[in-house]
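Enquirer: I'd like to ask some things about the structure below.
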Amino acid sequence: MDDRNTGPLAGYTVGVTAARRADELIALLRRRGAAVLHAPALRIVPLADDSELLAATKELIGCPPDVVVATTAIGFRGWVEAADGWGVGEPLLETLRSTELLARGPKVKGAIRAAGLVEEWSPESESLAEVLDRLLSAGVAGRRIALQLHGEPLPGFVEALRAGGAEVVVVPVYRWMAPEDLAPLDRLLDAIVGGGVDAVGFTSAPAAASLLSRAEERGMREAVLEALRGGGPLTACVGPVTALPLQALGVDTVQPERFRLGPLVQLLCRELPGRARVLPVAGHRLEIRGHAVLLDEELRPVPPAGMALLRSLSRRPGWVVARAELLRALPGAGRDEHAVETAMARLRAALGAPGLIQTVVKRGYRLSLDAGGEEKYGELPQDAAVTARGVLG
């Protein structure tokens, strides 16, 4: 059976902001049933074209540092490869062999060893804060420390070292820039504000900053932040460093315990279904997801207008919801209550099971909550306990 109809993320749409390793992340999400809206928030400047990196590399070769801090595997590998291309690869490796080489985590440690080098130390947590604590506790006054950047300046890290008396040389191994094609990013921003995505995944802090920068350019920064702060899509970050720009603005995030793409997807597989509304309706199990429902474990896609109606009805299961209220829930429906009838007919057709939604003559519609559902969802008012008399299926 097609995973898109059976996986834990079936019926959900996830926005992906990654540029690097995006294909891997998208494949993992789709394998678990998700629809993906890919909107690269960044692009990477090719290393061979980066004159700043060449200048920093030559400076370090000419005046070797006491300590080198490697922060990302891809950045360290790219640094060595770029140096090879410039004809200074071996002098760089000799320089690194003569220094105290610190790796931010296991992946960076692997890249260091692949280059024929051995790290002095690496934290298990992959935390730069732990690296900083080690350096400061050992004393940095008078020491020359090179910091391989990973796409952002890391001012707090640098300032703490300089305050401790260190000379800090930053190595800008690769730089993030805004994407050349902004249309996918704009579509994602519109979807965040308009409720078109159920989660947005971030794999780097610069991607989060870039998305908010583009939102500000379009005059919708506050609308995007309001959606992310509550009631909108789930904000999932690969780790605490990635989450910082969002958390600083009051956006709650979820993060896996291990800062990898696989655990990030596993986290979404737990969190999104956990947010779904599940109701016993007309003898069926109805689970309301992002753009579809699971009806007795069978995925049934529902048009956006139908999902808007279904969510309105599910907020008060068993209660009669007036047409006027349902009309307000429809996107761009105007004032014609006939739009409710049209959308309701399409919703019923998409659900494919009779009796789930009852029409209460001259009053509105209600979900046919099973007997006993009142105990879970609260006592219903008298007019919510409308029987099938005078009701159309």
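Within each chain, counting starts at residue 1; across the structure tokens, chains are named A, B, ... in the order shown, with ligands numbered 1 upward in that order.
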With a distance cut-off of 12 Å and only C-alpha atoms, select the neighbouring residues of Arg348 of chain A, excluding the residue or stretch itself and same-chain residues fewer than 4 positions from it, and output the selection as a ChimeraX atom specification.

Expert: /A:293,300-303,305-307,309-310,341-344,352-359,365,367,393

Enquirer: Could you write those residues out with C-alpha atoms, as a compact mmCIF listing (two decimals), in the first residue's frame?

Expert:
```txt
# COMPACT_ATOMS: atom_id res chain seq x y z
CA VAL A 293 -9.01 12.76 7.71
CA ARG A 300 -9.51 10.53 2.85
CA PRO A 301 -8.23 13.83 1.40
CA VAL A 302 -10.56 16.78 1.97
CA PRO A 303 -10.65 20.11 0.05
CA ALA A 305 -13.05 24.58 2.34
CA GLY A 306 -14.27 21.22 3.64
CA MET A 307 -11.47 21.09 6.21
CA LEU A 309 -16.04 23.41 7.94
CA LEU A 310 -14.95 20.18 9.62
CA GLU A 341 -24.06 24.21 1.25
CA THR A 342 -21.69 23.74 -1.69
CA ALA A 343 -18.66 23.19 0.53
CA MET A 344 -20.66 20.86 2.79
CA GLY A 352 -17.61 9.01 1.75
CA ALA A 353 -19.66 7.77 4.71
CA PRO A 354 -23.31 8.71 5.31
CA GLY A 355 -24.51 10.21 8.54
CA LEU A 356 -21.25 11.73 9.78
CA ILE A 357 -22.62 15.26 9.43
CA GLN A 358 -26.31 15.97 10.03
CA THR A 359 -28.27 18.86 8.61
CA TYR A 365 -25.12 21.36 10.85
CA LEU A 367 -21.29 16.17 13.79
CA GLY A 393 -28.16 12.94 6.32
```

Enquirer: Point out the residue among A:Leu286, A:Ala243, A:Leu189, A:Ala223 with the least atom-to-atom distance to Phe202 of chain A, counting only C-alpha atoms.

Expert: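 Counting only C-alpha atoms, the residue closest to Phe202 of chain A is A:Ala243.
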
Enquirer: Taking only residues of segment 159-206 of chain A that have an atom at most 12 Å from an atom of segment 320-340 of chain A, what is each one's shortest atom pair and its distance in Å to one decimal, using only C-alpha atoms, in chain and number order, as a tab-separated table?

Expert:
```
residue	atom	partner	partner_atom	distance
A:Gly194	CA	A:Pro331	CA	9.2
A:Gly195	CA	A:Pro331	CA	10.5
A:Gly196	CA	A:Pro331	CA	11.6
```

Enquirer: Kindly provide the residues of segment 216-270 of chain A that approach segment 5-25 of chain A to within 10 Å, each paired with its closest atom pair and their distance in Å to one decimal, based on only C-alpha atoms, listed by chain and increasing number, as JSON lines.

Expert:
```
{"residue": "A:Pro233", "atom": "CA", "partner": "A:Val14", "partner_atom": "CA", "distance": 8.7}
{"residue": "A:Leu234", "atom": "CA", "partner": "A:Val14", "partner_atom": "CA", "distance": 9.1}
{"residue": "A:Thr235", "atom": "CA", "partner": "A:Gly15", "partner_atom": "CA", "distance": 9.6}
{"residue": "A:Ala236", "atom": "CA", "partner": "A:Val14", "partner_atom": "CA", "distance": 9.9}
{"residue": "A:Leu261", "atom": "CA", "partner": "A:Leu25", "partner_atom": "CA", "distance": 6.4}
{"residue": "A:Gly262", "atom": "CA", "partner": "A:Leu25", "partner_atom": "CA", "distance": 7.9}
{"residue": "A:Leu264", "atom": "CA", "partner": "A:Leu25", "partner_atom": "CA", "distance": 9.1}
{"residue": "A:Val265", "atom": "CA", "partner": "A:Leu25", "partner_atom": "CA", "distance": 7.9}
{"residue": "A:Gln266", "atom": "CA", "partner": "A:Pro8", "partner_atom": "CA", "distance": 9.5}
{"residue": "A:Leu268", "atom": "CA", "partner": "A:Leu9", "partner_atom": "CA", "distance": 7.8}
{"residue": "A:Cys269", "atom": "CA", "partner": "A:Pro8", "partner_atom": "CA", "distance": 5.6}
{"residue": "A:Arg270", "atom": "CA", "partner": "A:Pro8", "partner_atom": "CA", "distance": 7.9}
```

Enquirer: Going by DSSP on the backbone, which residues of segment 203-345 of chain A come out as strand (DSSP E)? List them as a VMD selection string.

Expert: chain A and resid 234 to 237 277 to 281 284 to 288 292 to 295 298 to 301 321 to 322

Enquirer: What's the separation between atom CA of Arg346 of chain A and atom CA of Ala199 of chain A, in Å to one decimal place?

Expert: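 Rounded to one decimal, the two atoms are 25.9 Å apart.
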